[in-house]
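Listing of protein-v1.tsv; format and content: TSV, C-alpha atoms (C1' of nucleotides) and all ligand atoms.
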chain	number	residue	atom	x	y	z
A	201	MET	CA	-50.93	19.85	-20.59
A	202	ARG	CA	-51.52	21.10	-17.08
A	203	ARG	CA	-49.29	20.02	-14.25
A	204	THR	CA	-51.37	19.32	-11.19
A	205	GLN	CA	-48.28	19.23	-8.97
A	206	PRO	CA	-44.69	20.22	-9.29
A	207	ALA	CA	-42.80	16.92	-9.32
A	208	PRO	CA	-41.05	16.36	-6.00
A	209	ALA	CA	-37.27	16.20	-6.11
A	210	PHE	CA	-37.34	12.61	-4.92
A	211	PRO	CA	-40.41	10.92	-6.36
A	212	SER	CA	-41.73	8.02	-4.29
A	213	PRO	CA	-40.26	4.65	-5.22
A	214	GLY	CA	-43.66	3.47	-6.39
A	215	HIS	CA	-44.56	6.46	-8.52
A	216	ASP	CA	-45.73	6.14	-12.09
A	217	HIS	CA	-42.47	6.59	-13.91
A	218	ALA	CA	-43.82	6.30	-17.44
A	219	PRO	CA	-44.42	10.04	-17.81
A	220	CYS	CA	-40.94	10.84	-16.49
A	221	LEU	CA	-39.40	8.52	-19.07
A	222	LYS	CA	-41.57	9.75	-21.90
A	223	GLU	CA	-40.78	13.37	-21.19
A	224	THR	CA	-37.07	12.68	-21.01
A	225	LEU	CA	-37.12	10.84	-24.32
A	226	LYS	CA	-39.01	13.69	-25.87
A	227	ARG	CA	-36.52	16.26	-24.62
A	228	ALA	CA	-33.69	14.09	-25.90
A	229	SER	CA	-35.23	13.76	-29.32
A	230	ASP	CA	-35.78	17.50	-29.50
A	231	ALA	CA	-32.28	18.29	-28.32
A	232	PHE	CA	-30.65	16.10	-30.94
A	233	GLU	CA	-32.83	17.49	-33.67
A	234	ALA	CA	-32.13	21.05	-32.62
A	235	ASN	CA	-28.45	20.30	-33.12
A	236	GLY	CA	-28.77	18.58	-36.46
A	237	LEU	CA	-28.05	15.20	-34.87
A	238	ARG	CA	-30.12	12.10	-34.28
A	239	LEU	CA	-31.41	10.13	-31.36
A	240	THR	CA	-30.38	6.88	-32.99
A	241	PRO	CA	-31.64	3.46	-31.88
A	242	LEU	CA	-28.44	2.81	-29.95
A	243	ARG	CA	-28.57	6.15	-28.19
A	244	ARG	CA	-32.22	5.67	-27.48
A	245	ARG	CA	-31.68	2.24	-25.96
A	246	VAL	CA	-28.89	3.55	-23.75
A	247	LEU	CA	-31.00	6.50	-22.71
A	248	GLU	CA	-33.91	4.23	-21.90
A	249	GLU	CA	-31.70	2.25	-19.56
A	250	VAL	CA	-30.43	5.36	-17.83
A	251	ALA	CA	-33.77	7.13	-17.73
A	252	GLY	CA	-35.67	4.04	-16.67
A	253	SER	CA	-35.35	5.20	-13.08
A	254	HIS	CA	-34.14	8.12	-11.03
A	255	HIS	CA	-31.02	6.22	-10.05
A	256	ALA	CA	-27.45	6.62	-11.19
A	257	VAL	CA	-26.07	3.65	-13.09
A	258	GLY	CA	-22.60	2.67	-14.19
A	259	ALA	CA	-21.63	2.38	-17.84
A	260	TYR	CA	-20.92	-1.31	-17.49
A	261	GLU	CA	-24.26	-1.87	-15.83
A	262	ILE	CA	-25.92	-0.34	-18.86
A	263	LEU	CA	-23.78	-2.55	-21.03
A	264	GLU	CA	-24.84	-5.69	-19.20
A	265	ARG	CA	-28.51	-4.83	-19.19
A	266	LEU	CA	-28.55	-4.12	-22.90
A	267	SER	CA	-26.53	-7.21	-23.69
A	268	GLN	CA	-29.01	-9.33	-21.75
A	269	LYS	CA	-32.12	-7.78	-23.19
A	270	GLU	CA	-30.91	-7.94	-26.74
A	271	ARG	CA	-28.80	-11.08	-26.59
A	272	THR	CA	-25.91	-9.29	-28.20
A	273	ARG	CA	-22.47	-8.57	-26.87
A	274	MET	CA	-21.88	-4.89	-27.16
A	275	ALA	CA	-18.48	-3.36	-26.63
A	276	PRO	CA	-18.02	-0.86	-23.80
A	277	ILE	CA	-17.01	1.79	-26.29
A	278	SER	CA	-20.46	1.69	-27.87
A	279	VAL	CA	-22.11	2.52	-24.58
A	280	TYR	CA	-19.57	5.23	-23.86
A	281	ARG	CA	-20.08	6.81	-27.26
A	282	ALA	CA	-23.82	6.87	-26.77
A	283	LEU	CA	-23.34	8.30	-23.29
A	284	ASP	CA	-21.04	10.98	-24.66
A	285	ALA	CA	-23.67	12.07	-27.13
A	286	LEU	CA	-26.36	12.10	-24.44
A	287	LEU	CA	-24.09	14.04	-22.09
A	288	GLU	CA	-23.39	16.51	-24.85
A	289	MET	CA	-27.11	17.06	-25.32
A	290	GLY	CA	-27.54	17.54	-21.61
A	291	VAL	CA	-30.15	14.81	-21.23
A	292	VAL	CA	-27.81	12.67	-19.17
A	293	HIS	CA	-25.42	13.85	-16.49
A	294	ARG	CA	-22.41	12.24	-14.93
A	295	LEU	CA	-22.23	11.70	-11.20
A	296	GLU	CA	-18.56	12.49	-10.84
A	297	SER	CA	-18.19	11.23	-7.31
A	298	ARG	CA	-19.35	7.78	-8.32
A	299	ASN	CA	-18.38	7.35	-11.96
A	300	ALA	CA	-22.02	6.87	-12.80
A	301	TYR	CA	-24.62	8.39	-15.08
A	302	PHE	CA	-28.17	9.54	-14.52
A	303	ALA	CA	-30.92	10.94	-16.68
A	304	CYS	CA	-31.92	14.54	-16.40
A	305	HIS	CA	-35.52	14.37	-15.30
A	306	ALA	CA	-35.50	18.01	-14.30
A	307	ALA	CA	-36.55	20.49	-16.93
A	308	HIS	CA	-33.59	22.72	-16.43
A	309	GLY	CA	-32.99	24.08	-19.84
A	310	LYS	CA	-33.88	27.37	-18.27
A	311	HIS	CA	-31.08	27.52	-15.73
A	312	GLY	CA	-28.50	25.97	-17.98
A	313	ALA	CA	-26.84	23.17	-16.05
A	314	ARG	CA	-27.02	25.10	-12.82
A	315	GLN	CA	-28.58	22.63	-10.52
A	316	ILE	CA	-27.11	20.87	-7.55
A	317	VAL	CA	-27.16	17.10	-7.48
A	318	LEU	CA	-28.39	15.12	-4.49
A	319	ALA	CA	-27.31	11.48	-4.58
A	320	CYS	CA	-28.36	8.87	-2.07
A	321	GLU	CA	-25.46	6.87	-0.71
A	322	ARG	CA	-27.64	3.85	-0.10
A	323	CYS	CA	-29.87	3.50	-3.14
A	324	ALA	CA	-28.12	5.78	-5.67
A	325	MET	CA	-31.29	7.73	-6.31
A	326	VAL	CA	-30.51	11.14	-7.72
A	327	ALA	CA	-32.33	14.44	-7.77
A	328	GLU	CA	-31.40	17.77	-9.25
A	329	ILE	CA	-32.61	20.98	-7.75
A	330	ALA	CA	-32.11	24.54	-8.86
A	331	THR	CA	-30.23	26.53	-6.24
A	332	PRO	CA	-29.36	29.92	-7.68
A	333	ALA	CA	-28.07	31.32	-4.40
A	334	ALA	CA	-25.46	28.59	-4.16
A	335	PHE	CA	-24.17	29.15	-7.67
A	336	GLU	CA	-24.07	32.88	-7.18
A	337	ALA	CA	-22.03	32.48	-4.02
A	338	ILE	CA	-19.69	30.04	-5.77
A	339	ASP	CA	-19.26	32.24	-8.83
A	340	GLY	CA	-18.56	35.24	-6.66
A	341	ALA	CA	-16.02	33.45	-4.49
A	342	ALA	CA	-14.25	31.98	-7.51
A	343	ARG	CA	-14.06	35.24	-9.44
A	344	GLY	CA	-12.89	37.00	-6.31
A	345	THR	CA	-9.66	34.99	-6.51
A	346	GLY	CA	-9.12	35.72	-10.19
A	347	PHE	CA	-10.31	32.28	-11.21
A	348	ALA	CA	-12.37	32.05	-14.40
A	349	PRO	CA	-15.00	29.31	-13.92
A	350	THR	CA	-16.24	27.30	-16.85
A	351	ARG	CA	-18.12	24.58	-15.04
A	352	VAL	CA	-19.41	24.18	-11.51
A	353	MET	CA	-20.07	20.76	-10.06
A	354	VAL	CA	-22.09	20.44	-6.88
A	355	GLU	CA	-22.78	16.95	-5.61
A	356	VAL	CA	-24.33	16.22	-2.24
A	357	ALA	CA	-24.03	12.73	-0.82
A	358	GLY	CA	-26.44	11.63	1.88
A	359	LEU	CA	-29.66	9.74	2.39
A	360	CYS	CA	-32.80	10.24	0.37
A	361	THR	CA	-36.16	10.50	2.06
A	362	SER	CA	-37.03	6.82	1.60
A	363	CYS	CA	-33.70	5.51	2.79
A	364	ALA	CA	-33.55	7.86	5.78
A	365	ALA	CA	-36.98	6.58	6.81
A	366	SER	CA	-36.34	2.87	6.30
A	367	PRO	CA	-34.48	0.93	9.00
A	368	GLN	CA	-30.84	0.09	8.41
B	34	MET	CA	4.10	33.43	14.38
B	35	ARG	CA	2.66	36.46	12.63
B	36	ARG	CA	1.31	36.21	9.12
B	37	THR	CA	2.24	39.25	7.15
B	38	GLN	CA	-0.25	38.41	4.43
B	39	PRO	CA	-3.13	36.07	4.05
B	40	ALA	CA	-1.94	33.52	1.49
B	41	PRO	CA	-3.62	34.10	-1.86
B	42	ALA	CA	-5.87	31.29	-3.06
B	43	PHE	CA	-3.62	30.74	-6.07
B	44	PRO	CA	-0.04	31.42	-5.06
B	45	SER	CA	2.21	32.54	-7.89
B	46	PRO	CA	3.95	29.70	-9.71
B	47	GLY	CA	7.30	30.97	-8.48
B	48	HIS	CA	6.42	31.43	-4.84
B	49	ASP	CA	8.49	29.96	-2.05
B	50	HIS	CA	6.68	26.72	-1.47
B	51	ALA	CA	8.84	25.42	1.37
B	52	PRO	CA	6.68	26.99	4.09
B	53	CYS	CA	3.50	25.59	2.49
B	54	LEU	CA	4.98	22.12	2.50
B	55	LYS	CA	6.35	22.38	5.99
B	56	GLU	CA	3.07	23.55	7.41
B	57	THR	CA	1.15	20.79	5.69
B	58	LEU	CA	3.52	18.15	7.01
B	59	LYS	CA	3.17	19.58	10.47
B	60	ARG	CA	-0.60	19.49	10.31
B	61	ALA	CA	-0.48	15.93	9.04
B	62	SER	CA	1.81	14.84	11.83
B	63	ASP	CA	-0.45	16.46	14.39
B	64	ALA	CA	-3.60	14.99	12.89
B	65	PHE	CA	-2.26	11.44	12.94
B	66	GLU	CA	-1.01	11.81	16.48
B	67	ALA	CA	-4.31	13.25	17.63
B	68	ASN	CA	-5.97	10.09	16.36
B	69	GLY	CA	-3.52	7.64	17.86
B	70	LEU	CA	-2.07	6.88	14.44
B	71	ARG	CA	1.27	7.56	12.81
B	72	LEU	CA	2.58	9.56	9.91
B	73	THR	CA	4.76	6.67	8.81
B	74	PRO	CA	7.63	7.00	6.33
B	75	LEU	CA	5.48	5.69	3.50
B	76	ARG	CA	2.64	8.06	4.28
B	77	ARG	CA	5.06	10.89	4.64
B	78	ARG	CA	6.67	10.18	1.29
B	79	VAL	CA	3.30	10.03	-0.42
B	80	LEU	CA	2.23	13.23	1.27
B	81	GLU	CA	5.43	14.95	0.23
B	82	GLU	CA	4.70	14.10	-3.39
B	83	VAL	CA	1.17	15.38	-3.17
B	84	ALA	CA	1.99	18.44	-1.12
B	85	GLY	CA	5.05	19.30	-3.17
B	86	SER	CA	2.90	21.65	-5.20
B	87	HIS	CA	-0.57	23.11	-5.34
B	88	HIS	CA	-1.51	20.82	-8.19
B	89	ALA	CA	-3.70	17.75	-8.24
B	90	VAL	CA	-1.86	14.53	-9.07
B	91	GLY	CA	-3.02	11.05	-9.96
B	92	ALA	CA	-2.30	8.06	-7.76
B	93	TYR	CA	-0.24	6.41	-10.47
B	94	GLU	CA	1.75	9.57	-10.97
B	95	ILE	CA	2.67	9.50	-7.29
B	96	LEU	CA	3.56	5.86	-7.70
B	97	GLU	CA	5.88	6.57	-10.60
B	98	ARG	CA	7.60	9.48	-8.93
B	99	LEU	CA	8.28	7.52	-5.77
B	100	SER	CA	9.44	4.50	-7.71
B	101	GLN	CA	11.91	6.64	-9.63
B	102	LYS	CA	13.22	8.56	-6.65
B	103	GLU	CA	13.67	5.49	-4.53
B	104	ARG	CA	14.54	2.96	-7.21
B	105	THR	CA	11.95	0.58	-5.84
B	106	ARG	CA	8.85	-0.80	-7.46
B	107	MET	CA	5.95	-0.06	-5.24
B	108	ALA	CA	2.56	-1.60	-5.80
B	109	PRO	CA	-0.40	0.71	-6.48
B	110	ILE	CA	-2.13	-0.58	-3.40
B	111	SER	CA	0.60	0.86	-1.21
B	112	VAL	CA	0.03	4.34	-2.59
B	113	TYR	CA	-3.72	3.96	-2.28
B	114	ARG	CA	-3.44	2.81	1.31
B	115	ALA	CA	-1.31	5.80	2.17
B	116	LEU	CA	-3.69	8.10	0.34
B	117	ASP	CA	-6.64	6.61	2.20
B	118	ALA	CA	-4.98	7.35	5.51
B	119	LEU	CA	-4.14	10.91	4.42
B	120	LEU	CA	-7.69	11.45	3.15
B	121	GLU	CA	-9.03	10.17	6.44
B	122	MET	CA	-6.92	12.71	8.30
B	123	GLY	CA	-8.14	15.45	6.00
B	124	VAL	CA	-4.66	16.52	4.92
B	125	VAL	CA	-5.27	15.35	1.37
B	126	HIS	CA	-8.46	15.72	-0.63
B	127	ARG	CA	-9.71	13.94	-3.68
B	128	LEU	CA	-10.61	15.90	-6.79
B	129	GLU	CA	-13.62	13.82	-7.71
B	130	SER	CA	-14.08	15.26	-11.14
B	131	ARG	CA	-10.59	14.19	-12.15
B	132	ASN	CA	-9.75	11.14	-10.07
B	133	ALA	CA	-6.84	13.03	-8.60
B	134	TYR	CA	-5.53	14.04	-5.22
B	135	PHE	CA	-4.28	17.29	-3.80
B	136	ALA	CA	-2.86	18.44	-0.51
B	137	CYS	CA	-4.86	20.63	1.77
B	138	HIS	CA	-2.79	23.79	2.01
B	139	ALA	CA	-5.69	25.69	3.49
B	140	ALA	CA	-5.97	25.72	7.26
B	141	HIS	CA	-9.58	24.75	7.28
B	142	GLY	CA	-9.91	22.65	10.36
B	143	LYS	CA	-12.18	25.40	11.50
B	144	HIS	CA	-14.83	25.04	8.83
B	145	GLY	CA	-14.63	21.28	8.66
B	146	ALA	CA	-14.26	20.35	5.01
B	147	ARG	CA	-16.56	23.13	3.94
B	148	GLN	CA	-14.52	24.77	1.27
B	149	ILE	CA	-15.14	24.90	-2.42
B	150	VAL	CA	-12.44	23.63	-4.74
B	151	LEU	CA	-11.19	25.59	-7.72
B	152	ALA	CA	-9.28	23.44	-10.18
B	153	CYS	CA	-7.53	24.76	-13.28
B	154	GLU	CA	-8.38	22.79	-16.40
B	155	ARG	CA	-5.05	23.62	-17.98
B	156	CYS	CA	-2.44	23.22	-15.24
B	157	ALA	CA	-4.38	21.28	-12.59
B	158	MET	CA	-3.57	23.85	-9.92
B	159	VAL	CA	-6.03	23.68	-7.07
B	160	ALA	CA	-7.22	26.14	-4.47
B	161	GLU	CA	-9.71	25.79	-1.67
B	162	ILE	CA	-11.70	28.72	-0.45
B	163	ALA	CA	-14.21	28.99	2.34
B	164	THR	CA	-17.63	29.95	1.02
B	165	PRO	CA	-20.14	29.65	3.84
B	166	ALA	CA	-22.97	31.21	1.85
B	167	ALA	CA	-22.74	28.50	-0.79
B	168	PHE	CA	-22.84	25.69	1.71
B	169	GLU	CA	-25.70	27.26	3.58
B	170	ALA	CA	-27.70	27.54	0.38
B	171	ILE	CA	-26.87	23.96	-0.55
B	172	ASP	CA	-27.74	22.60	2.88
B	173	GLY	CA	-31.00	24.48	2.88
B	174	ALA	CA	-32.01	23.32	-0.58
B	175	ALA	CA	-31.11	19.72	0.18
B	176	ARG	CA	-32.94	19.61	3.51
B	177	GLY	CA	-35.92	21.26	1.90
B	178	THR	CA	-36.43	18.12	-0.18
B	179	GLY	CA	-36.11	15.80	2.80
B	180	PHE	CA	-32.60	14.79	1.83
B	181	ALA	CA	-30.13	14.26	4.68
B	182	PRO	CA	-26.69	15.44	3.49
B	183	THR	CA	-23.55	13.83	4.81
B	184	ARG	CA	-21.02	15.27	2.42
B	185	VAL	CA	-21.06	18.22	0.03
B	186	MET	CA	-18.64	18.42	-2.87
B	187	VAL	CA	-18.20	21.63	-4.78
B	188	GLU	CA	-15.65	21.60	-7.57
B	189	VAL	CA	-15.23	24.46	-9.99
B	190	ALA	CA	-13.39	23.85	-13.23
B	191	GLY	CA	-11.94	26.78	-15.12
B	192	LEU	CA	-8.74	28.69	-15.60
B	193	CYS	CA	-6.49	29.86	-12.81
B	194	THR	CA	-5.06	33.36	-12.83
B	195	SER	CA	-1.78	32.37	-14.43
B	196	CYS	CA	-3.32	30.26	-17.15
B	197	ALA	CA	-6.00	32.81	-17.97
B	198	ALA	CA	-3.25	35.43	-18.41
B	199	SER	CA	-0.87	33.32	-20.47
B	200	PRO	CA	-1.53	32.95	-24.21
B	201	GLN	CA	-3.01	29.67	-25.37
C	43	DG	C1'	4.23	-13.87	26.86
C	44	DT	C1'	-0.22	-13.37	24.44
C	45	DT	C1'	-3.38	-10.65	22.01
C	46	DC	C1'	-4.92	-6.99	19.54
C	47	DT	C1'	-4.47	-3.32	16.24
C	48	DA	C1'	-1.96	-0.79	12.87
C	49	DT	C1'	0.89	-1.06	8.95
C	50	DG	C1'	2.25	-2.57	4.57
C	51	DG	C1'	4.64	-6.06	0.99
C	52	DG	C1'	3.23	-8.96	-2.86
C	53	DT	C1'	0.25	-11.01	-6.27
C	54	DA	C1'	-3.45	-10.89	-8.85
C	55	DC	C1'	-7.57	-8.88	-10.36
C	56	DA	C1'	-11.75	-5.71	-10.89
C	57	DA	C1'	-13.82	-1.57	-12.64
C	58	DT	C1'	-13.79	2.28	-15.58
C	59	DA	C1'	-12.58	4.41	-19.93
C	60	DT	C1'	-10.26	5.16	-24.49
C	61	DA	C1'	-7.32	4.47	-28.99
C	62	DA	C1'	-7.15	3.01	-33.61
C	63	DC	C1'	-9.07	1.41	-37.70
C	64	DA	C1'	-12.61	0.03	-40.84
C	65	DC	C1'	-16.96	0.41	-42.48
C	66	DT	C1'	-21.93	2.06	-43.26
C	67	DA	C1'	-25.52	5.71	-43.29
C	68	DT	C1'	-27.04	10.24	-44.07
C	69	DT	C1'	-26.81	14.83	-45.80
C	70	DC	C1'	-25.55	18.35	-48.94
C	71	DG	C1'	-24.09	20.56	-53.06
C	72	DC	C1'	-24.04	20.02	-57.66
D	86	DG	C1'	-28.00	10.66	-59.69
D	87	DC	C1'	-23.06	11.39	-57.95
D	88	DG	C1'	-19.26	12.59	-55.05
D	89	DA	C1'	-17.71	14.61	-50.83
D	90	DA	C1'	-18.26	15.54	-46.09
D	91	DT	C1'	-19.98	14.36	-41.75
D	92	DA	C1'	-22.32	11.38	-38.45
D	93	DG	C1'	-22.62	7.01	-36.57
D	94	DT	C1'	-21.27	2.21	-35.41
D	95	DG	C1'	-18.60	-2.40	-35.08
D	96	DT	C1'	-14.28	-4.68	-33.70
D	97	DT	C1'	-10.13	-5.31	-31.36
D	98	DA	C1'	-6.99	-4.13	-28.23
D	99	DT	C1'	-5.33	-1.29	-24.59
D	100	DA	C1'	-5.08	2.43	-21.01
D	101	DT	C1'	-6.31	4.16	-16.50
D	102	DT	C1'	-7.95	3.82	-11.91
D	103	DG	C1'	-8.82	1.19	-7.88
D	104	DT	C1'	-9.32	-3.48	-4.76
D	105	DA	C1'	-9.27	-8.34	-2.79
D	106	DC	C1'	-6.70	-11.44	-0.52
D	107	DC	C1'	-3.12	-13.45	2.13
D	108	DC	C1'	0.38	-12.99	5.07
D	109	DA	C1'	4.41	-10.75	7.68
D	110	DT	C1'	5.96	-7.39	10.98
D	111	DA	C1'	5.83	-3.84	14.67
D	112	DG	C1'	4.11	-1.90	18.67
D	113	DA	C1'	0.90	-1.28	22.37
D	114	DA	C1'	-2.36	-3.45	25.80
D	115	DC	C1'	-3.20	-6.75	29.08
E	401	ZN	ZN	-39.98	8.94	-12.35
E	402	ZN	ZN	-31.97	6.24	-1.08
E	403	ZN	ZN	2.96	26.71	-2.00
E	404	ZN	ZN	-3.72	26.91	-14.38
Kindly present the structure from the file in structure tokens form.
Ligand SMILES: [Zn+2]
Ligand SMILES: [Zn+2]
Ligand SMILES: [Zn+2]
Ligand SMILES: [Zn+2]
Amino acid sequence: MRRTQPAPAFPSPGHDHAPCLKETLKRASDAFEANGLRLTPLRRRVLEEVAGSHHAVGAYEILERLSQKERTRMAPISVYRALDALLEMGVVHRLESRNAYFACHAAHGKHGARQIVLACERCAMVAEIATPAAFEAIDGAARGTGFAPTRVMVEVAGLCTSCAASPQ
Amino acid sequence: MRRTQPAPAFPSPGHDHAPCLKETLKRASDAFEANGLRLTPLRRRVLEEVAGSHHAVGAYEILERLSQKERTRMAPISVYRALDALLEMGVVHRLESRNAYFACHAAHGKHGARQIVLACERCAMVAEIATPAAFEAIDGAARGTGFAPTRVMVEVAGLCTSCAASPQ
DNA sequence: GTTCTATGGGTACAATATAACACTATTCGC
DNA sequence: GCGAATAGTGTTATATTGTACCCATAGAAC
């Protein structure tokens, strides 16, 4: 169970993603169980679509992929309900600035949800990184005005390493 | 032109909003002119709706208000086009986490768009506050991964002073 | 005048998300 | 086992948010 390397925020496009996916599924399963709920087949299939890469995907894209793979016609609401459950468990996050969803591949149970989100404008790849100093500054500034924060969203749009390097 | 007091981040609900509105309209007019564009009647009307308070409003809410006031039936696209122009000029911002729009009442030409957004979950009141330390931490963390940021969005959901004080 | 850009009216449509209702599956207490 | 409570899903329809496309007008540039 040793980690030879801390996973980079943006894994290379050709990296072996199987471990990422497996770990995420495991965390999901544990999270549901810890809350007396279940990672049902539907939820698992939706999660597999989202967690199949480090990219943000739209709800309707998930819907289409599942409908193709399984030759069924699911209703949007089914996907949204599964997503809601996964969001609730914290294994999927919503990219607010793009109405999209991405799997939490970062083990950030420790910091709560306090990670900033980096999202590539070109390829939609997403990375979360812990940035305590940022959240402390934000909390302090907010409280200084009398505001009582309940949730902090930090999303950074830009170019990921791969896209910044590639032409165009 | 002296300011007796720095405006509080969350002005009291009963404050005299006329100066806020006037100043925002002036900045808008200047910004359009500086870019060789015009604060047309349509754009001005849309801005007046948005800047009429410190609250975030939806595009369709703007549409309905204008349609009522002017007894016309505008198309959504007209409002969105005006909003796009106002966003471009930086006199209106988009609250990404709520698909809503709010006027920039903060004079933050100086810091670029580098202010964090506090948005009340109950009343939708919005305030922007400069928080250089947060943006520095975010920039640093992002660049440290090889990510090239182009836009940073910080939105804090919670309760504003008034709502936190009032029961329920 | 001709040309270019900015502006926006009008129609239809795309993309994202939820409401309402019925039904099945699982758990829990007894 | 049995009934009640809760979790989970299917089905249908609808709500909310945002654009594509085509064309008409106004003003500035040349
Ligand atoms: Zn991976
Ligand atoms: Zn990229
Ligand atoms: Zn005001
Ligand atoms: Zn409030």
_Pairwise distance for C1' of DA59 in chain C and CA of Ala92 in chain B, rounded to one decimal in Å_ = 16.3 Å
_Residue list as an MDAnalysis selection string for point (-36.6, 4.9, 5.9), cut-off 12 Å, only C-alpha atoms (C1' of nucleotides)_ = (chainID A and resid 212:213 322:323 359:368) or (chainID B and resid 179:181)
Using only C-alpha atoms (C1' of nucleotides), which chain C residues lie at most 10 Å away from chain B, written as a short mmCIF file (atom, residue, chain, number, x, y, z; two decimals) with C-alpha atoms (C1' of nucleotides), in the coordinates of the input?
data_model
loop_
_atom_site.label_atom_id
_atom_site.label_comp_id
_atom_site.auth_asym_id
_atom_site.auth_seq_id
_atom_site.Cartn_x
_atom_site.Cartn_y
_atom_site.Cartn_z
"C1'" DA C 48 -1.96 -0.79 12.87
"C1'" DT C 49 0.89 -1.06 8.95
"C1'" DG C 50 2.25 -2.57 4.57
"C1'" DG C 51 4.64 -6.06 0.99
"C1'" DG C 52 3.23 -8.96 -2.86
"C1'" DT C 53 0.25 -11.01 -6.27
#
*asked:* Which residue is closest to chain B? Choose from A:Arg343, A:Glu296, A:Gln268, A:Ala324 and count all atoms listed in the file.
replied: A:Glu296
Using only C-alpha atoms (C1' of nucleotides), find which residues of chain B lie within 9 Å of chain D and jot them down as a compact mmCIF listing (two decimals) with C-alpha atoms, in the frame of the given file.
# COMPACT_ATOMS: atom_id res chain seq x y z
CA GLY B 91 -3.02 11.05 -9.96
CA ALA B 92 -2.30 8.06 -7.76
CA TYR B 93 -0.24 6.41 -10.47
CA PRO B 109 -0.40 0.71 -6.48
CA ILE B 110 -2.13 -0.58 -3.40
CA TYR B 113 -3.72 3.96 -2.28
CA ASN B 132 -9.75 11.14 -10.07
*Residue hits in chain B, query chain A, radius 8 Å, only C-alpha atoms, as JSON, numbers by chain*: {"B": [41, 42, 43, 129, 130, 149, 151, 162, 164, 166, 167, 168, 169, 170, 171, 174, 175, 178, 179, 180, 181, 182, 183, 184, 185, 186, 187, 188, 189, 190, 191, 192, 193, 194, 197]}
Using all atoms listed in the file, find each residue with an atom at most 8 Å away from ligand ZN 401 (chain E) and format the answer as a PDB file with C-alpha atoms, in the frame of the given file.
ATOM      1  CA  PRO A 211     -40.410  10.920  -6.360  1.00  0.00           C
ATOM      2  CA  HIS A 215     -44.560   6.460  -8.520  1.00  0.00           C
ATOM      3  CA  ASP A 216     -45.730   6.140 -12.090  1.00  0.00           C
ATOM      4  CA  HIS A 217     -42.470   6.590 -13.910  1.00  0.00           C
ATOM      5  CA  ALA A 218     -43.820   6.300 -17.440  1.00  0.00           C
ATOM      6  CA  PRO A 219     -44.420  10.040 -17.810  1.00  0.00           C
ATOM      7  CA  CYS A 220     -40.940  10.840 -16.490  1.00  0.00           C
ATOM      8  CA  LEU A 221     -39.400   8.520 -19.070  1.00  0.00           C
ATOM      9  CA  GLY A 252     -35.670   4.040 -16.670  1.00  0.00           C
ATOM     10  CA  SER A 253     -35.350   5.200 -13.080  1.00  0.00           C
ATOM     11  CA  HIS A 254     -34.140   8.120 -11.030  1.00  0.00           C
ATOM     12  CA  HIS A 305     -35.520  14.370 -15.300  1.00  0.00           C
TER      13      HIS A 305
END
*Do you have the CA of Leu119 in chain B-C1' of DA54 in chain C distance handy?*
25.5 Å
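Atom pair CA of Glu66 in chain B / CA of Glu121 in chain B: separated by 13.0 Å.
Within 10 Å of the point (-31.4, 2.3, -23.6), counting only C-alpha atoms (C1' of nucleotides), the protein and nucleic acid residues come to Pro241, Leu242, Arg243, Arg244, Arg245, Val246, Leu247, Glu248, Glu249, Val250, Ala251, Gly252, Ile262, Leu263, Arg265, Leu266, Val279 and Ala282 of chain A.
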Restrict the selected residues to C-alpha atoms and save them as a compact mmCIF listing (two decimals), in the coordinates of the input.
# COMPACT_ATOMS: atom_id res chain seq x y z
CA PRO A 241 -31.64 3.46 -31.88
CA LEU A 242 -28.44 2.81 -29.95
CA ARG A 243 -28.57 6.15 -28.19
CA ARG A 244 -32.22 5.67 -27.48
CA ARG A 245 -31.68 2.24 -25.96
CA VAL A 246 -28.89 3.55 -23.75
CA LEU A 247 -31.00 6.50 -22.71
CA GLU A 248 -33.91 4.23 -21.90
CA GLU A 249 -31.70 2.25 -19.56
CA VAL A 250 -30.43 5.36 -17.83
CA ALA A 251 -33.77 7.13 -17.73
CA GLY A 252 -35.67 4.04 -16.67
CA ILE A 262 -25.92 -0.34 -18.86
CA LEU A 263 -23.78 -2.55 -21.03
CA ARG A 265 -28.51 -4.83 -19.19
CA LEU A 266 -28.55 -4.12 -22.90
CA VAL A 279 -22.11 2.52 -24.58
CA ALA A 282 -23.82 6.87 -26.77
